Structures are given as structure tokens and as C-alpha cells.
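So this block is upload-v2.pdb, PDB, C-alpha atoms:
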```pdb
ATOM      1  CA  MET A 292     -24.722  16.717  -5.903
ATOM      2  CA  ILE A 293     -21.245  15.554  -6.985
ATOM      3  CA  THR A 294     -18.826  14.476  -4.279
ATOM      4  CA  ILE A 295     -15.248  13.676  -5.190
ATOM      5  CA  ARG A 296     -13.115  11.705  -2.759
ATOM      6  CA  PRO A 297      -9.999   9.500  -2.775
ATOM      7  CA  ALA A 298     -10.623   5.955  -3.973
ATOM      8  CA  VAL A 299     -10.404   3.210  -1.350
ATOM      9  CA  ALA A 300      -9.902  -0.525  -1.702
ATOM     10  CA  GLU A 301     -13.649  -1.165  -1.595
ATOM     11  CA  ASP A 302     -14.100   0.948  -4.740
ATOM     12  CA  ARG A 303     -11.976  -1.320  -6.914
ATOM     13  CA  SER A 304     -14.766  -3.466  -8.249
ATOM     14  CA  ARG A 305     -16.892  -0.450  -9.205
ATOM     15  CA  ILE A 306     -13.889   1.297 -10.746
ATOM     16  CA  TRP A 307     -13.215  -1.768 -12.878
ATOM     17  CA  ASP A 308     -16.859  -1.622 -13.985
ATOM     18  CA  LEU A 309     -16.125   1.885 -15.273
ATOM     19  CA  LEU A 310     -12.742   1.080 -16.821
ATOM     20  CA  GLU A 311     -13.567  -2.205 -18.528
ATOM     21  CA  PRO A 312     -15.929  -0.997 -21.284
ATOM     22  CA  VAL A 313     -13.684   1.986 -22.039
ATOM     23  CA  PHE A 314     -10.509  -0.083 -22.330
ATOM     24  CA  ARG A 315     -12.241  -2.931 -24.218
ATOM     25  CA  ALA A 316     -13.661  -0.473 -26.756
ATOM     26  CA  GLY A 317     -10.117   0.686 -27.529
ATOM     27  CA  ASP A 318     -11.287   3.962 -28.989
ATOM     28  CA  THR A 319     -10.121   6.585 -26.467
ATOM     29  CA  TYR A 320      -7.258   5.350 -24.274
ATOM     30  CA  ALA A 321      -3.894   4.040 -25.492
ATOM     31  CA  VAL A 322      -4.344   0.845 -23.502
ATOM     32  CA  ASP A 323      -4.278  -2.720 -24.795
ATOM     33  CA  PRO A 324      -7.997  -3.551 -25.246
ATOM     34  CA  ARG A 325      -7.292  -7.036 -23.845
ATOM     35  CA  ILE A 326      -5.763  -5.654 -20.639
ATOM     36  CA  SER A 327      -6.461  -7.835 -17.597
ATOM     37  CA  ARG A 328      -8.495  -6.599 -14.638
ATOM     38  CA  ASP A 329      -5.381  -6.702 -12.451
ATOM     39  CA  ASP A 330      -3.272  -4.729 -14.910
ATOM     40  CA  ALA A 331      -6.054  -2.190 -15.406
ATOM     41  CA  ILE A 332      -6.446  -1.734 -11.656
ATOM     42  CA  GLY A 333      -2.677  -1.385 -11.376
ATOM     43  CA  TYR A 334      -2.594   1.212 -14.146
ATOM     44  CA  TRP A 335      -5.461   3.240 -12.676
ATOM     45  CA  LEU A 336      -5.057   2.794  -8.917
ATOM     46  CA  ASP A 337      -1.586   1.574  -7.993
ATOM     47  CA  ALA A 338       0.833   3.314 -10.367
ATOM     48  CA  PRO A 339      -0.598   6.851 -10.012
ATOM     49  CA  ARG A 340       0.100   9.319  -7.237
ATOM     50  CA  ALA A 341      -3.597   9.338  -6.290
ATOM     51  CA  THR A 342      -6.940   8.124  -7.604
ATOM     52  CA  TYR A 343     -10.374   9.589  -6.904
ATOM     53  CA  VAL A 344     -13.997   8.690  -7.463
ATOM     54  CA  ALA A 345     -16.933  10.991  -8.187
ATOM     55  CA  GLU A 346     -20.177  10.109  -6.464
ATOM     56  CA  THR A 347     -23.737  11.262  -6.933
ATOM     57  CA  PRO A 348     -26.845   9.909  -5.186
ATOM     58  CA  ASP A 349     -26.683   7.209  -7.903
ATOM     59  CA  GLY A 350     -23.307   5.984  -6.611
ATOM     60  CA  ILE A 351     -19.861   6.196  -8.178
ATOM     61  CA  VAL A 352     -20.233   7.672 -11.643
ATOM     62  CA  GLY A 353     -16.664   8.641 -12.459
ATOM     63  CA  THR A 354     -13.033   8.176 -11.554
ATOM     64  CA  TYR A 355      -9.738   9.865 -12.269
ATOM     65  CA  TYR A 356      -6.063   9.444 -11.463
ATOM     66  CA  ILE A 357      -3.235  11.905 -11.074
ATOM     67  CA  LYS A 358       0.404  10.981 -11.594
ATOM     68  CA  THR A 359       3.774  12.510 -12.342
ATOM     69  CA  ASN A 360       4.106  12.762 -16.115
ATOM     70  CA  GLN A 361       7.901  12.552 -16.377
ATOM     71  CA  PRO A 362      10.484  11.744 -13.700
ATOM     72  CA  GLY A 363      13.583  13.765 -12.947
ATOM     73  CA  GLY A 364      13.595  17.309 -14.299
ATOM     74  CA  GLY A 365      10.056  16.874 -15.629
ATOM     75  CA  ASP A 366       8.414  15.890 -12.361
ATOM     76  CA  HIS A 367       6.735  19.255 -11.788
ATOM     77  CA  VAL A 368       4.200  18.335 -14.477
ATOM     78  CA  CYS A 369       1.384  15.895 -13.757
ATOM     79  CA  ASN A 370      -0.889  13.839 -15.936
ATOM     80  CA  CYS A 371      -4.496  12.824 -15.311
ATOM     81  CA  GLY A 372      -6.956  10.390 -16.844
ATOM     82  CA  TYR A 373     -10.723  10.614 -16.386
ATOM     83  CA  ILE A 374     -13.569   8.192 -17.025
ATOM     84  CA  VAL A 375     -17.289   8.945 -16.630
ATOM     85  CA  ASP A 376     -20.068   6.378 -16.596
ATOM     86  CA  PRO A 377     -21.886   6.772 -19.935
ATOM     87  CA  ALA A 378     -25.172   6.700 -18.010
ATOM     88  CA  ALA A 379     -24.087   9.838 -16.121
ATOM     89  CA  ARG A 380     -22.991  11.954 -19.070
ATOM     90  CA  GLY A 381     -24.185  15.539 -19.345
ATOM     91  CA  GLN A 382     -24.128  16.124 -15.577
ATOM     92  CA  GLY A 383     -20.771  17.912 -15.508
ATOM     93  CA  ILE A 384     -18.950  14.983 -13.927
ATOM     94  CA  ALA A 385     -15.849  15.278 -16.132
ATOM     95  CA  GLN A 386     -15.687  19.018 -15.610
ATOM     96  CA  ALA A 387     -16.023  18.618 -11.847
ATOM     97  CA  MET A 388     -13.305  15.964 -11.770
ATOM     98  CA  CYS A 389     -10.972  18.070 -13.906
ATOM     99  CA  ALA A 390     -11.443  21.108 -11.645
ATOM    100  CA  HIS A 391     -10.890  18.904  -8.587
ATOM    101  CA  SER A 392      -7.772  17.389 -10.135
ATOM    102  CA  GLN A 393      -6.241  20.805 -10.733
ATOM    103  CA  ASP A 394      -6.741  21.712  -7.080
ATOM    104  CA  GLN A 395      -5.252  18.403  -5.961
ATOM    105  CA  ALA A 396      -2.341  18.842  -8.363
ATOM    106  CA  ARG A 397      -1.539  22.274  -6.954
ATOM    107  CA  GLY A 398      -1.689  20.756  -3.486
ATOM    108  CA  PHE A 399       0.836  18.107  -4.532
ATOM    109  CA  GLY A 400       3.114  20.898  -5.782
ATOM    110  CA  TYR A 401       2.693  20.312  -9.506
ATOM    111  CA  ARG A 402       3.079  23.395 -11.658
ATOM    112  CA  ALA A 403       1.358  22.177 -14.801
ATOM    113  CA  MET A 404      -0.954  19.453 -16.055
ATOM    114  CA  GLN A 405      -0.445  17.651 -19.334
ATOM    115  CA  PHE A 406      -2.623  15.252 -21.297
ATOM    116  CA  ASN A 407      -0.319  13.273 -23.570
ATOM    117  CA  PHE A 408      -2.747  11.611 -25.894
ATOM    118  CA  VAL A 409      -6.150  13.219 -26.487
ATOM    119  CA  LEU A 410      -7.559  11.745 -29.682
ATOM    120  CA  SER A 411      -8.753  14.290 -32.219
ATOM    121  CA  SER A 412     -11.771  12.006 -32.700
ATOM    122  CA  ASN A 413     -12.715  12.589 -29.053
ATOM    123  CA  ALA A 414     -13.976  16.047 -29.961
ATOM    124  CA  GLY A 415     -16.107  16.456 -26.856
ATOM    125  CA  ALA A 416     -13.109  15.931 -24.617
ATOM    126  CA  VAL A 417     -10.923  18.293 -26.656
ATOM    127  CA  ARG A 418     -13.561  21.013 -26.420
ATOM    128  CA  LEU A 419     -14.087  20.461 -22.690
ATOM    129  CA  TRP A 420     -10.371  20.620 -21.890
ATOM    130  CA  GLN A 421     -10.030  23.758 -23.996
ATOM    131  CA  ARG A 422     -12.951  25.347 -22.152
ATOM    132  CA  LEU A 423     -11.191  24.481 -18.885
ATOM    133  CA  GLY A 424      -8.036  26.294 -19.953
ATOM    134  CA  PHE A 425      -5.966  23.585 -21.616
ATOM    135  CA  ALA A 426      -4.158  24.431 -24.847
ATOM    136  CA  ILE A 427      -3.293  22.064 -27.666
ATOM    137  CA  VAL A 428       0.510  22.303 -27.640
ATOM    138  CA  GLY A 429       1.136  19.493 -30.087
ATOM    139  CA  THR A 430      -0.578  17.147 -32.534
ATOM    140  CA  ILE A 431       0.867  13.753 -33.381
ATOM    141  CA  PRO A 432      -0.291  12.719 -36.844
ATOM    142  CA  ALA A 433      -1.926   9.307 -37.280
ATOM    143  CA  ALA A 434      -1.006   8.407 -33.716
ATOM    144  CA  PHE A 435      -3.883   6.042 -32.989
ATOM    145  CA  ARG A 436      -5.705   3.283 -34.863
ATOM    146  CA  HIS A 437      -9.339   3.986 -34.052
ATOM    147  CA  PRO A 438     -11.434   0.832 -34.489
ATOM    148  CA  ALA A 439     -14.093   2.680 -36.521
ATOM    149  CA  LEU A 440     -12.272   5.717 -37.929
ATOM    150  CA  GLY A 441      -8.857   4.305 -38.780
ATOM    151  CA  LEU A 442      -5.802   6.437 -38.098
ATOM    152  CA  VAL A 443      -6.584   9.543 -36.072
ATOM    153  CA  ASP A 444      -4.349  12.277 -34.659
ATOM    154  CA  ALA A 445      -3.585  12.690 -30.976
ATOM    155  CA  HIS A 446      -3.229  16.050 -29.247
ATOM    156  CA  VAL A 447      -0.882  16.953 -26.445
ATOM    157  CA  MET A 448      -2.795  19.346 -24.174
ATOM    158  CA  HIS A 449      -1.303  21.468 -21.412
ATOM    159  CA  LYS A 450      -2.290  23.906 -18.708
ATOM    160  CA  THR A 451      -0.051  25.835 -16.334
ATOM    161  CA  LEU A 452      -1.454  25.565 -12.808
TER     162      LEU A 452
ATOM    163  CA  MET B 143      34.135   2.149 -39.038
ATOM    164  CA  ILE B 144      30.862   2.130 -37.045
ATOM    165  CA  THR B 145      29.244  -1.220 -36.377
ATOM    166  CA  ILE B 146      25.829  -1.354 -34.744
ATOM    167  CA  ARG B 147      24.650  -4.624 -33.217
ATOM    168  CA  PRO B 148      22.155  -5.826 -30.588
ATOM    169  CA  ALA B 149      23.355  -5.400 -27.020
ATOM    170  CA  VAL B 150      24.218  -8.587 -25.127
ATOM    171  CA  ALA B 151      24.515  -9.277 -21.410
ATOM    172  CA  GLU B 152      28.274  -8.682 -21.476
ATOM    173  CA  ASP B 153      27.684  -5.099 -22.654
ATOM    174  CA  ARG B 154      25.782  -4.076 -19.524
ATOM    175  CA  SER B 155      28.713  -2.706 -17.623
ATOM    176  CA  ARG B 156      29.908  -0.604 -20.559
ATOM    177  CA  ILE B 157      26.367   0.612 -21.261
ATOM    178  CA  TRP B 158      26.058   1.726 -17.645
ATOM    179  CA  ASP B 159      29.327   3.639 -18.095
ATOM    180  CA  LEU B 160      27.608   5.530 -20.915
ATOM    181  CA  LEU B 161      24.277   6.026 -19.141
ATOM    182  CA  GLU B 162      25.525   7.040 -15.706
ATOM    183  CA  PRO B 163      27.027  10.464 -16.475
ATOM    184  CA  VAL B 164      24.081  11.379 -18.693
ATOM    185  CA  PHE B 165      21.465  10.441 -16.117
ATOM    186  CA  ARG B 166      23.429  11.923 -13.197
ATOM    187  CA  ALA B 167      23.805  15.231 -15.052
ATOM    188  CA  GLY B 168      20.015  15.442 -15.325
ATOM    189  CA  ASP B 169      20.143  17.884 -18.219
ATOM    190  CA  THR B 170      18.879  15.861 -21.187
ATOM    191  CA  TYR B 171      16.773  12.849 -20.156
ATOM    192  CA  ALA B 172      13.640  12.924 -18.012
ATOM    193  CA  VAL B 173      15.136  10.382 -15.622
ATOM    194  CA  ASP B 174      15.656  10.735 -11.871
ATOM    195  CA  PRO B 175      19.327  11.799 -11.594
ATOM    196  CA  ARG B 176      19.662   9.471  -8.578
ATOM    197  CA  ILE B 177      18.444   6.430 -10.522
ATOM    198  CA  SER B 178      20.138   3.192  -9.434
ATOM    199  CA  ARG B 179      22.311   1.161 -11.774
ATOM    200  CA  ASP B 180      19.722  -1.640 -11.772
ATOM    201  CA  ASP B 181      16.846   0.674 -12.580
ATOM    202  CA  ALA B 182      18.850   2.387 -15.311
ATOM    203  CA  ILE B 183      19.759  -0.939 -16.866
ATOM    204  CA  GLY B 184      16.121  -1.979 -16.622
ATOM    205  CA  TYR B 185      14.986   1.239 -18.291
ATOM    206  CA  TRP B 186      17.522   0.989 -21.104
ATOM    207  CA  LEU B 187      17.889  -2.748 -21.669
ATOM    208  CA  ASP B 188      14.979  -4.692 -20.201
ATOM    209  CA  ALA B 189      11.855  -2.579 -20.755
ATOM    210  CA  PRO B 190      12.505  -1.735 -24.437
ATOM    211  CA  ARG B 191      11.747  -3.941 -27.432
ATOM    212  CA  ALA B 192      15.442  -3.971 -28.344
ATOM    213  CA  THR B 193      18.709  -2.282 -27.404
ATOM    214  CA  TYR B 194      21.791  -1.810 -29.568
ATOM    215  CA  VAL B 195      25.377  -0.687 -29.200
ATOM    216  CA  ALA B 196      27.550   1.212 -31.672
ATOM    217  CA  GLU B 197      31.154   0.091 -31.876
ATOM    218  CA  THR B 198      34.226   1.622 -33.441
ATOM    219  CA  PRO B 199      37.819   0.338 -33.182
ATOM    220  CA  ASP B 200      37.798   2.226 -29.839
ATOM    221  CA  GLY B 201      35.064  -0.046 -28.474
ATOM    222  CA  ILE B 202      31.440   0.702 -27.635
ATOM    223  CA  VAL B 203      30.860   4.419 -28.124
ATOM    224  CA  GLY B 204      27.080   4.614 -28.207
ATOM    225  CA  THR B 205      23.853   2.827 -27.394
ATOM    226  CA  TYR B 206      20.191   3.163 -28.211
ATOM    227  CA  TYR B 207      16.907   1.475 -27.410
ATOM    228  CA  ILE B 208      13.695   1.078 -29.361
ATOM    229  CA  LYS B 209      10.346   0.528 -27.724
ATOM    230  CA  THR B 210       6.638   0.837 -28.375
ATOM    231  CA  ASN B 211       5.610   4.382 -27.491
ATOM    232  CA  GLN B 212       1.982   3.719 -26.570
ATOM    233  CA  PRO B 213       0.142   0.416 -26.126
ATOM    234  CA  GLY B 214      -3.167  -0.520 -27.726
ATOM    235  CA  GLY B 215      -4.195   1.621 -30.676
ATOM    236  CA  GLY B 216      -0.929   3.572 -30.500
ATOM    237  CA  ASP B 217       1.415   0.603 -30.781
ATOM    238  CA  HIS B 218       2.369   1.266 -34.412
ATOM    239  CA  VAL B 219       4.548   4.166 -33.202
ATOM    240  CA  CYS B 220       7.911   3.529 -31.594
ATOM    241  CA  ASN B 221      10.195   5.609 -29.417
ATOM    242  CA  CYS B 222      13.986   5.582 -29.258
ATOM    243  CA  GLY B 223      16.624   6.991 -26.944
ATOM    244  CA  TYR B 224      20.266   7.465 -27.922
ATOM    245  CA  ILE B 225      23.441   8.125 -25.968
ATOM    246  CA  VAL B 226      26.897   8.774 -27.419
ATOM    247  CA  ASP B 227      30.155   8.745 -25.487
ATOM    248  CA  PRO B 228      31.234  12.405 -25.222
ATOM    249  CA  ALA B 229      34.743  11.301 -26.269
ATOM    250  CA  ALA B 230      33.318  10.024 -29.575
ATOM    251  CA  ARG B 231      31.294  13.075 -30.563
ATOM    252  CA  GLY B 232      31.580  14.459 -34.076
ATOM    253  CA  GLN B 233      32.013  11.028 -35.664
ATOM    254  CA  GLY B 234      28.416  10.650 -36.809
ATOM    255  CA  ILE B 235      27.590   8.041 -34.166
ATOM    256  CA  ALA B 236      24.166   9.501 -33.286
ATOM    257  CA  GLN B 237      23.265   9.875 -36.934
ATOM    258  CA  ALA B 238      24.325   6.295 -37.674
ATOM    259  CA  MET B 239      22.327   4.979 -34.709
ATOM    260  CA  CYS B 240      19.254   6.975 -35.720
ATOM    261  CA  ALA B 241      19.405   5.678 -39.299
ATOM    262  CA  HIS B 242      19.890   2.143 -37.991
ATOM    263  CA  SER B 243      16.981   2.521 -35.578
ATOM    264  CA  GLN B 244      14.639   3.579 -38.378
ATOM    265  CA  ASP B 245      15.538   0.448 -40.350
ATOM    266  CA  GLN B 246      15.044  -1.735 -37.281
ATOM    267  CA  ALA B 247      11.745  -0.020 -36.513
ATOM    268  CA  ARG B 248      10.450  -0.704 -40.017
ATOM    269  CA  GLY B 249      11.531  -4.328 -39.579
ATOM    270  CA  PHE B 250       9.531  -4.533 -36.356
ATOM    271  CA  GLY B 251       6.516  -3.190 -38.244
ATOM    272  CA  TYR B 252       6.405   0.292 -36.717
ATOM    273  CA  ARG B 253       4.971   2.957 -38.969
ATOM    274  CA  ALA B 254       6.341   6.024 -37.223
ATOM    275  CA  MET B 255       8.962   7.081 -34.692
ATOM    276  CA  GLN B 256       8.307   9.641 -31.971
ATOM    277  CA  PHE B 257      10.610  11.402 -29.520
ATOM    278  CA  ASN B 258       8.450  12.540 -26.621
ATOM    279  CA  PHE B 259      10.759  14.889 -24.814
ATOM    280  CA  VAL B 260      13.557  16.591 -26.755
ATOM    281  CA  LEU B 261      14.697  19.571 -24.711
ATOM    282  CA  SER B 262      14.827  22.852 -26.592
ATOM    283  CA  SER B 263      18.152  23.427 -24.816
ATOM    284  CA  ASN B 264      19.546  20.346 -26.570
ATOM    285  CA  ALA B 265      19.833  22.322 -29.802
ATOM    286  CA  GLY B 266      22.327  19.955 -31.417
ATOM    287  CA  ALA B 267      19.940  17.050 -31.050
ATOM    288  CA  VAL B 268      16.965  19.053 -32.310
ATOM    289  CA  ARG B 269      18.930  20.080 -35.423
ATOM    290  CA  LEU B 270      20.188  16.547 -36.035
ATOM    291  CA  TRP B 271      16.730  14.995 -35.768
ATOM    292  CA  GLN B 272      15.336  17.656 -38.089
ATOM    293  CA  ARG B 273      18.092  16.948 -40.601
ATOM    294  CA  LEU B 274      17.156  13.260 -40.400
ATOM    295  CA  GLY B 275      13.534  14.011 -41.270
ATOM    296  CA  PHE B 276      11.879  14.462 -37.889
ATOM    297  CA  ALA B 277       9.401  17.306 -37.467
ATOM    298  CA  ILE B 278       8.616  19.197 -34.283
ATOM    299  CA  VAL B 279       4.922  18.369 -33.856
ATOM    300  CA  GLY B 280       4.550  19.859 -30.407
ATOM    301  CA  THR B 281       6.291  21.992 -27.811
ATOM    302  CA  ILE B 282       5.523  21.645 -24.110
ATOM    303  CA  PRO B 283       6.272  24.925 -22.340
ATOM    304  CA  ALA B 284       8.540  24.894 -19.284
ATOM    305  CA  ALA B 285       8.459  21.094 -19.291
ATOM    306  CA  PHE B 286      11.897  20.492 -17.742
ATOM    307  CA  ARG B 287      13.939  22.006 -14.950
ATOM    308  CA  HIS B 288      17.407  22.216 -16.464
ATOM    309  CA  PRO B 289      20.052  22.352 -13.720
ATOM    310  CA  ALA B 290      21.830  25.318 -15.342
ATOM    311  CA  LEU B 291      19.166  26.961 -17.500
ATOM    312  CA  GLY B 292      16.060  26.655 -15.340
ATOM    313  CA  LEU B 293      12.759  25.836 -17.018
ATOM    314  CA  VAL B 294      13.152  24.849 -20.658
ATOM    315  CA  ASP B 295      10.636  23.677 -23.245
ATOM    316  CA  ALA B 296      10.454  20.125 -24.552
ATOM    317  CA  HIS B 297       9.643  19.234 -28.145
ATOM    318  CA  VAL B 298       7.679  16.265 -29.392
ATOM    319  CA  MET B 299       9.356  15.148 -32.627
ATOM    320  CA  HIS B 300       7.920  12.703 -35.148
ATOM    321  CA  LYS B 301       8.786  10.960 -38.374
ATOM    322  CA  THR B 302       6.601   8.678 -40.477
ATOM    323  CA  LEU B 303       8.627   5.603 -41.460
TER     324      LEU B 303
END
```
Rewrite the coordinates I just gave you, this time as C-alpha cells.
Amino acid sequence: MITIRPAVAEDRSRIWDLLEPVFRAGDTYAVDPRISRDDAIGYWLDAPRATYVAETPDGIVGTYYIKTNQPGGGDHVCNCGYIVDPAARGQGIAQAMCAHSQDQARGFGYRAMQFNFVLSSNAGAVRLWQRLGFAIVGTIPAAFRHPALGLVDAHVMHKTL
Amino acid sequence: MITIRPAVAEDRSRIWDLLEPVFRAGDTYAVDPRISRDDAIGYWLDAPRATYVAETPDGIVGTYYIKTNQPGGGDHVCNCGYIVDPAARGQGIAQAMCAHSQDQARGFGYRAMQFNFVLSSNAGAVRLWQRLGFAIVGTIPAAFRHPALGLVDAHVMHKTL
């Protein structure tokens, strides 16, 4: 029921619909909550190596990007970001996208995947990534000013592919 | 004997002299070893919040930048990069620049300083940062392909200011 495919130009408006509330809330991604539509689209669709959307019969319900995490001698490690429509939670969309991203990453020749900034307050995400084989390899204290919780830690999570 | 001051346009050529061998060697910074002069100058001088040079009677012997490490809710944490002329090693230049950068960072309102990618093979740097109060808060396995040593780990180091 979940199809994941590369994003195309026609998906931009729907992708922005998914990004905007997440970035404006400022409680999960280290992105300026006032980011413009153009900058957000650039961040999610233009800068990365590839961007995908997850579709169900309800339409596009999720999106993720994959990019090189560090240039030069670090460019065998990729980074991904995932966003799921809140209305589609509990259907395994994030898990499906993460599994898909690992396959794509291997195809691109990456040897590991790293999440640089998983907020400790985002406990559901931390648990999901752990279940999918990612380890917490670092914790940055008080790394993020959560709008409701104040200063929260951020985890660095890593999986060898 | 060490004076640290903001970099000015006239310093660009000398700063490139310091950056080029470090970036070309590809054994400490996660930078494409083939980076162009313009891109290197952009990375070191234009993108950061501020860039400084360290001078002795011998001239400019070191340089560092300070920038915001993450936007949005993470923008109270800064990042710095330092380079010392190999001919000026052992004079405390890196230590002086790091102390100076912490003062500048506090002045800019940053509440912590983070180094995202300190190679475990760069043992002198790891020891120096630890001596200056930075803690290893994470270690990314096999994060960097060192040209002589193969895959080496990278540490995330952090200090509350």
C-alpha cells in the first residue's frame, strides 16, 4: 500500500505542505522556523543527492532526502531526513522510508548512514531508528531549544550499511 | 607575542597559503581535497560568522573561523575550525586561538562550542581540546577515510561556554 518513488517537480507544492508545519513548529528539525518556501524546497529537494516521496491511496504522505553527510574523506557516509504527514502516522510510513533509504544509500555506494541531530525529546523517532539498527553514538547536551521543553539533548545516530 | 585579530580582505592570500596544504592533504578536515581556492576562501571566510588570524613577529601563523553550528533551535551552539602554520607549531598558537574563540563566542551570545568531526587520528588536537575543557560527547565509527591510515573514527567534542 506504500509506494516510494523519486520526487519530481510536480511534487514540490505537496512536499512544502508536509515541510511547512514541521519547520514552523521548530520542535524537531534544526531549521529556522521562519524559513522561506524557496529555502525549504532548496534544503529538501535541491541540495540533497536525491529526494523521494511515499504514496498511499490517499496521496503523498511522506518524503525523505538523502545526501552526503561530509565531503572529502567523509563522503562515504550519508545523511537522511524524513517527514510523515501527521494524518498518516501509525501506518509504518517512516519505517518504510527508512528501509528504502538504506537500499538507495547502498546503491549510491554509501557505507554508513548518520543522523546528526535526533532530539532526545523525539522519543518515538529515537526508538524507531534504534529498532531499525541505528545506534546512538553521541549525545550533545542542551543542543536544542525546544519551544515547549526548553533545552533538550540531541543524539548522533549511526548505522553501518 | 601572539596577536589575534579579525581577518581582512588583504589577508586572503596568506590564509589560502595556510588552508591549501591542509585541505590538499585530506587528512584532517572533511573537505574535498580538490577544493578550489574560491570555494576554500568561501568556506573559511565568507560562510562563517567571523574569521580571525593569529600573528607573531613572523607574520600570520594561524587562522580560525567561528560559525553557528545548527540553525533554528540549535543556533546557540557555535563551531570553530583552526589551522596553524606547521612552521609555527609548538608556540601555543592553537591554544591561543581556541581561548580567543571562546571569548568571541561568548560575546556573540553562543552558549556552547562544538567540534563536529575531530579525527581520532589527530591525537594532538584531541588532547589539546580536552585540556581546554572540551569533552568527547560522541564517536562516529569509521567516519573518515584517512589517506595513510584508512578508516578512522571521528569525535564530536563539546564545551559549555
Near chain B, which residues of chain A fall within 10 Å when you count all atoms listed in the file, and what do they look like as a PDB file with C-alpha atoms, keeping the file's coordinate frame?
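Result file is iface-v2.pdb:
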```
ATOM      1  CA  PHE A 314     -10.509  -0.083 -22.330  1.00  0.00           C
ATOM      2  CA  GLY A 317     -10.117   0.686 -27.529  1.00  0.00           C
ATOM      3  CA  ASP A 318     -11.287   3.962 -28.989  1.00  0.00           C
ATOM      4  CA  THR A 319     -10.121   6.585 -26.467  1.00  0.00           C
ATOM      5  CA  TYR A 320      -7.258   5.350 -24.274  1.00  0.00           C
ATOM      6  CA  ALA A 321      -3.894   4.040 -25.492  1.00  0.00           C
ATOM      7  CA  VAL A 322      -4.344   0.845 -23.502  1.00  0.00           C
ATOM      8  CA  ASP A 323      -4.278  -2.720 -24.795  1.00  0.00           C
ATOM      9  CA  PRO A 324      -7.997  -3.551 -25.246  1.00  0.00           C
ATOM     10  CA  ARG A 325      -7.292  -7.036 -23.845  1.00  0.00           C
ATOM     11  CA  ILE A 326      -5.763  -5.654 -20.639  1.00  0.00           C
ATOM     12  CA  ASN A 360       4.106  12.762 -16.115  1.00  0.00           C
ATOM     13  CA  GLN A 361       7.901  12.552 -16.377  1.00  0.00           C
ATOM     14  CA  PRO A 362      10.484  11.744 -13.700  1.00  0.00           C
ATOM     15  CA  GLY A 363      13.583  13.765 -12.947  1.00  0.00           C
ATOM     16  CA  GLY A 364      13.595  17.309 -14.299  1.00  0.00           C
ATOM     17  CA  GLY A 365      10.056  16.874 -15.629  1.00  0.00           C
ATOM     18  CA  ASP A 366       8.414  15.890 -12.361  1.00  0.00           C
ATOM     19  CA  HIS A 367       6.735  19.255 -11.788  1.00  0.00           C
ATOM     20  CA  VAL A 368       4.200  18.335 -14.477  1.00  0.00           C
ATOM     21  CA  ARG A 402       3.079  23.395 -11.658  1.00  0.00           C
ATOM     22  CA  ALA A 403       1.358  22.177 -14.801  1.00  0.00           C
ATOM     23  CA  GLN A 405      -0.445  17.651 -19.334  1.00  0.00           C
ATOM     24  CA  ASN A 407      -0.319  13.273 -23.570  1.00  0.00           C
ATOM     25  CA  PHE A 408      -2.747  11.611 -25.894  1.00  0.00           C
ATOM     26  CA  ILE A 427      -3.293  22.064 -27.666  1.00  0.00           C
ATOM     27  CA  VAL A 428       0.510  22.303 -27.640  1.00  0.00           C
ATOM     28  CA  GLY A 429       1.136  19.493 -30.087  1.00  0.00           C
ATOM     29  CA  THR A 430      -0.578  17.147 -32.534  1.00  0.00           C
ATOM     30  CA  ILE A 431       0.867  13.753 -33.381  1.00  0.00           C
ATOM     31  CA  PRO A 432      -0.291  12.719 -36.844  1.00  0.00           C
ATOM     32  CA  ALA A 433      -1.926   9.307 -37.280  1.00  0.00           C
ATOM     33  CA  ALA A 434      -1.006   8.407 -33.716  1.00  0.00           C
ATOM     34  CA  PHE A 435      -3.883   6.042 -32.989  1.00  0.00           C
ATOM     35  CA  ARG A 436      -5.705   3.283 -34.863  1.00  0.00           C
ATOM     36  CA  HIS A 437      -9.339   3.986 -34.052  1.00  0.00           C
ATOM     37  CA  PRO A 438     -11.434   0.832 -34.489  1.00  0.00           C
ATOM     38  CA  GLY A 441      -8.857   4.305 -38.780  1.00  0.00           C
ATOM     39  CA  LEU A 442      -5.802   6.437 -38.098  1.00  0.00           C
ATOM     40  CA  VAL A 443      -6.584   9.543 -36.072  1.00  0.00           C
ATOM     41  CA  ALA A 445      -3.585  12.690 -30.976  1.00  0.00           C
ATOM     42  CA  HIS A 446      -3.229  16.050 -29.247  1.00  0.00           C
ATOM     43  CA  VAL A 447      -0.882  16.953 -26.445  1.00  0.00           C
ATOM     44  CA  MET A 448      -2.795  19.346 -24.174  1.00  0.00           C
ATOM     45  CA  HIS A 449      -1.303  21.468 -21.412  1.00  0.00           C
ATOM     46  CA  LYS A 450      -2.290  23.906 -18.708  1.00  0.00           C
ATOM     47  CA  THR A 451      -0.051  25.835 -16.334  1.00  0.00           C
TER      48      THR A 451
END
```
Run through the PyMOL selection byres ((chain A and resi 307) around 12) on the given coordinates and return the selected residues as a ChimeraX atom specification. /A:300-306,308-315,326-336,344,351-354,374,376
I need the residue set behind the PyMOL selection byres ((chain B and resi 224) around 9) for this file; please write it as a list in words.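 Evaluating the PyMOL selection byres ((chain B and resi 224) around 9) on this file yields Gly204, Thr205, Tyr206, Tyr207, Cys222, Gly223, Ile225, Val226, Ala236, Met239 and Cys240 of chain B.
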How many Å separate atom CA of B:Thr145 from atom CA of B:Gly201?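 Atom CA of B:Gly201 lies at a distance of 9.9 Å from atom CA of B:Thr145.
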Find the residues around B:Ala247 up to 9 Å (all atoms listed in the file counted), leave out those fewer than 4 positions away in its own chain, and share them as a ChimeraX atom specification. /B:208-209,219-220,242-243,251-255,303
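Pairwise distance (atom CA of A:Glu346, atom CA of A:Ile295) equals 6.2 Å.
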